[in-house]
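Note sheet for the following structure.
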Amino acid sequence: MDLERFKVHGEPLIYGAMISIALATIGIIVGLTYFKKWGYLWREWLTTVDHKRIGVMYILAALLMLFRGGIDAMMMRLQTAAPEMKFLDAQHYNEVFTTHGLIMILFMAMPFIIGLMNVIIPLQIGARDVAFPRLNAVSFWLFFFGAMLLNISFVIGGSPDAGWSAYFPLASLEFSPTVGNNYYSLALQISGIGTLITGVNFIVTILKMRAPGMTLMKMPMFTWSVLITNIIIVFAFPVLTVALALMMFDRLFGSQFFTMANGGMDMLWANLFWVWGHPEVYIVILPAFGIYSEIIATFSKKNLYGYTSMVFSMLIISLLSFLVWTHHFYTMGQGVMVNSFFSITTMAIAVPTGVKIFNWLFTLRKGRITFNTPMLYTLAFIPIFTIGGVTGVMLAMASADYQYHNTMFLVAHFHYVLIPGAVFAVIAGFHYWFPKVFGFRLNDRLGRHAFWWIAISFNVTFFPLFFLGLMGMTRRTYTYSAETGYGPLNMLSFAGAIGLSIGFLLLVYNIYWSTRYMPKDKTGDPWDGRTLEWATGSPIPAYNFAVVPNVKTRDAFWSAKQDNIPLFEEKITKIHMPSNTGKPFILGVIFFFFGFSLVFSLWIPAILSGIGILIVMATMSFDRDHGFYIPAEEVIATEKKLRGETV
Amino acid sequence: MKIDASKPLEYATEENSNKIFGFWVFLGAEIPLFATLFTVYFIMVNRYASGPSGREIFEIGPVLIETFLLLSSSFTIGLAIHAMRHGYKKAMMVFMAITLLMGLGFIGIEIDEFFTYIHEGATLQTSGFLSSLFVLLGTHGAHVSFGFLWGVAIMIQLWRQGINPATANKAFIFSLFWHFLDVVWIFIFSFVYLKGLM
Amino acid sequence: MMKQLFPIRHVIGYIASLILSAAALVVIYMDLSTTVDLVILSITAIIQASLQLFVFMHIGEDADSKKELYINIAYALFVGLVTLFGTLYIFIWGWYA
């Protein structure tokens with residue numbers, strides 16, 4: 001067996017990473033043993049089926065991945081800060097930008113959003129859990145082990161290096177003979193299955209488990225955005241599943257899907273990837289819009305303006321998102337009529353988004369605005385995202401796009417929609433809902449400091465890239481000569497990137513500082529909130545609501561407080577809860593080995609793990625554990641402790 | 001567990017109804033999955049390079065048998081659920097067993113078909129057309145195979161526990177899966193084999 | 001829910017499906033134009049698929065979820081057909097002249 005394939009050579013940085021990973025792993029194992037926390041870890045976290053715990057794990061993973069992706073970004077900005085820098089050679093630069101994209105979109109933004117969905121949605125709809133708690137745990141562990149598989153590539157075998165979009169023929173076996181892109185196809189496939197399951201889970205949860213009286217048009221806007229997002233997930237992810245499988249067949253089994261001879265069609269990969277890829281960016285942005293709707297309404301102390309049009313705009317966006325994908329490859333050879341059709345649909349999709357921006361502005365108008373950290377991110381989002389949006393309309397025009405395509409102009413555009421759009425939203429959501437989960441707020445002064453560093457540095461980092469693109473600088477290039485004149489703007493961008501790092505470090509410091517010094521909030525409603533999640537205690541009891549609320553209006557909690565409409569009218573009875581189970585975690589571990597075996601074409605371990613997967617699925621089928629009951633007395637006692645009175 | 005006696009057992013609890021609904025959503029996801037495989041096939045149908053085309057390798061005989069087997073098994077699983085709703089456990093088990101056996105027969109013929117093609121020099125690696133043919137048929141066949149194992153697991157549970165809300169729910173969901181596989185086969189039959197031999 | 005014992009709807013559905021499958025064979029045994037062939041295949045396949053969906057899978061039998069299930073299938077078909085016809089348009093019918 002050729003052991004050379006497993007090793008990654010040369011770079012001191014990579015050796016450094018290997019040593020850090022080994023040390024961190026040893027540190028974790030030693031720490032858990034010393035503090036005798038293995039039992040705790042297994043019982044409370046690895047086997048949990050509680051949506052709140054699962055959500056916290058997703059967000060923790062996302063924060064760790066944010067830092068890994070951020071380090072990738074710093075390395076890229078450093079390498080391109082001046083002409084002919086020798087920090088990263090071309091191969092490693094390729095691996096870094098590929099990993100940066102994969103991690104930020106699939107292993108940072110998606111889990112952060114899915115984590116927030118997990119924690120908040122059942123609470124917002126007045127439910128006690130998601131529809132399928134055990135499958136929810138399966139989703140998390142599949143995501144986690146898919147992410148681990150990708151992360152391990154850096155030190156075992158080599159990372160994927162053909163871009164996050166892995167175009168063929170570059171990503172084919174012929175041009176990428178090392179295992180890097182095998183990791184791509186398998187890690188994404190495993191995580192993708194988890195995401196698809198989440199899609200089914202949340203659609204059923206939102207459609208079938210709302211509290212009595214909460215009709216669809218009385219749901220919070222975040223819930224609406226999550227429903228529509230999960231609908232897109234369910235119908236878009238299968239296309240990725242097929243594309244990745246075909247990639248795996250080409251690279252592992254010699255099929256001719258995306259080859260350049262024998263009837264293969266390399267461009268078909270790009271087509272299938274973007275049929276999924278475009279809906280994917282709407283999957284990332286729609287929940288962000290939902291978060292912004294919640295924050296704006298709460299901190300303007302006003303109803304969200306134009307509720308119905310907000311819902312309809314998201315429905316239209318979801319349908320149109322499947323009709324625009326070719327704008328990612330206008331220059332690839334299809335005819336003028338095709339490009340024209342997709343130009344029109346792409347420009348059309350900007351319209352419903354514009355409707356939302358106006359609705360947010362009208363919500364702010366004449367509101368009593370609180371300028372705290374979540375609100376600052378939201379207010380910054382509106383103008384900065386708009387820049388991203390209008391540059392998107394520029395790119396939408398196919399003929400003009402021949403000039404912009406694959407230049408830094410494109411890179412600037414998508415960072416201008418992704419960062420103010422999705423990243424600011426998850427940071428704002430994190431600050432907004434943090435006290436609900438942990439029982440204390442993050443410090444607002446530190447939060448605002450971090451915000452200003454991040455918001456200003458973001459523009460310093462990315463605005464120059466528009467000009468670099470128009471000057472002709474191509475994306476994904478590891479260096480350039482001094483004669484091109486790209487140097488000064490790249491150096492400016494690098495300065496901005498340093499500012500971004502400072503901002504994110506402040507954010508993390510805030511978490512540490514607040515954990516130590518911020519006072520506990522016992523009310524469960526630190527912001528005078530409008531929606532049902534604020535009607536529970538903090539920290540939230542396992543069963544969420546002692547009594548299922550009876551909803552009569554939109555912003556049900558606000559109406560209950562303002563107009564004295566009672567929410568909780570039933571008596572407390574025993575509550576049914578699902579049991580913890582270790583099977584989802586074990587399934588994740590086996591999937592990891594299955595993926596790893598296929599990456600290295602180790603057929604026997606692959607077959608054995610495949611059988612292992614089927615066995616675990618069978619044990620889940622034969623599982624007759626139907627949960628347990630929390631007796632009414634215990635519920636009453638918990639509520640007394642949390643609130644000081646019975647409901 | 002509150003049971004709604006006005007509904008069939010498989011729908012009768014909230015959890016049961018949710019599971020059936022969730023499975024329909026999953027089937028909704030399988031539609032784009034197979035649509036994508038069909039898309040790849042149609043793009044590549046004439047890209048047979050130096051290898052054989054569909055016309056040269058398809059044989060209508062085995063295809064008709066496969067179609068008859070799958071269609072009939074769809075009928076028998078329907079009869080099994082019908083028996084289940086009337087409470088006839090033994091009839092249900094018999095119909096399910098026939099369904100699974102016909103499914104096994106289908107897989108046997110398909111495996112034989114694949115080996116015949118390979119023997120004739122038409123492999124996964126020969127051309128874009130053959131790659132897409134094998135993966136489309138193979139994905140469907142893998143679903144049928146998985147369904148066979150799933151069906152066996154359910155039959156074991158039915159044998160041990162009889163018809164109760166949990167087993168009725170699983171059997172009904174399985175039947176949805178099985179019917180769906182026949183729907184996919186109808187399109188394979190029509191647009192891969194018949195169109196290829198037109 | 002009808003509680004009649006003899007599964008008449010299933011039997012009719014099954015026989016109809018057999019007939020439709022046999023009818024589709026006409027495209028290989030008769031010499032018709034490609035367009036007519038494709039129309040015949042499409043119609044027989046769609047009717048059979050509908051029989052499966054409505055008669056065998058009872059998609060409409062639970063009033064509480066009927067509407068959502070129809071929307072589910074409609075959305076799924078929308079995505080599937082857009083992927084299929086969009087891709088054919090890009091690569092074949094709309095490829096540069």
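How things are named: the first chain in the structure tokens is A, the next is B, and so on; residues count from 1 in each chain; ligands count from 1 in the order shown.
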Report as JSON lines the residues of chain C within 6 Å of chain A, each with its shortest atom pair and distance in Å (one decimal), using only C-alpha atoms, ordered by chain and increasing residue number.
{"residue": "C:Ile90", "atom": "CA", "partner": "A:Gln334", "partner_atom": "CA", "distance": 5.8}
{"residue": "C:Gly94", "atom": "CA", "partner": "A:Gly335", "partner_atom": "CA", "distance": 5.4}
{"residue": "C:Trp95", "atom": "CA", "partner": "A:Gln334", "partner_atom": "CA", "distance": 4.3}
{"residue": "C:Tyr96", "atom": "CA", "partner": "A:Gly335", "partner_atom": "CA", "distance": 3.8}
If we count only C-alpha atoms, which residues of chain A reach to within 10 Å of chain B? Please list them as a PyMOL selection string. chain A and resi 131-132+196-197+199-205+207-209+231-243+245-246+249-250+253-265+268-269+272+275+576+614+617-619+621-622+624+626
Best match for closeness to chain B among C:Ile47, C:Val27, C:Ala74, C:Ala97, counting only C-alpha atoms: C:Val27
Set out as CSV a contact list for range 86-148 of chain B and range 63-72 of chain B with a cut-off of 10 Å, giving each residue of range 86-148 of chain B that qualifies its closest atom pair and distance in Å to one decimal, counting only C-alpha atoms, ordered by chain and rising residue number.
residue,atom,partner,partner_atom,distance
B:Ile98,CA,B:Ser72,CA,9.4
B:Thr99,CA,B:Ser72,CA,7.8
B:Leu100,CA,B:Leu70,CA,9.9
B:Leu101,CA,B:Leu69,CA,9.4
B:Met102,CA,B:Leu69,CA,5.6
B:Gly103,CA,B:Leu70,CA,6.5
B:Leu104,CA,B:Leu69,CA,9.4
B:Gly105,CA,B:Leu69,CA,7.4
B:Phe106,CA,B:Glu66,CA,5.3
B:Ile107,CA,B:Glu66,CA,8.4
B:Gly108,CA,B:Glu66,CA,9.4
B:Ile109,CA,B:Glu66,CA,7.0
B:Glu110,CA,B:Glu66,CA,7.7
B:Glu113,CA,B:Val63,CA,9.1
B:Val144,CA,B:Leu70,CA,9.6
Using backbone DSSP assignments, extract all alpha helix (DSSP H) residues from range 35-78 of chain C; output them as a ChimeraX atom specification. /C:35-51,66-78
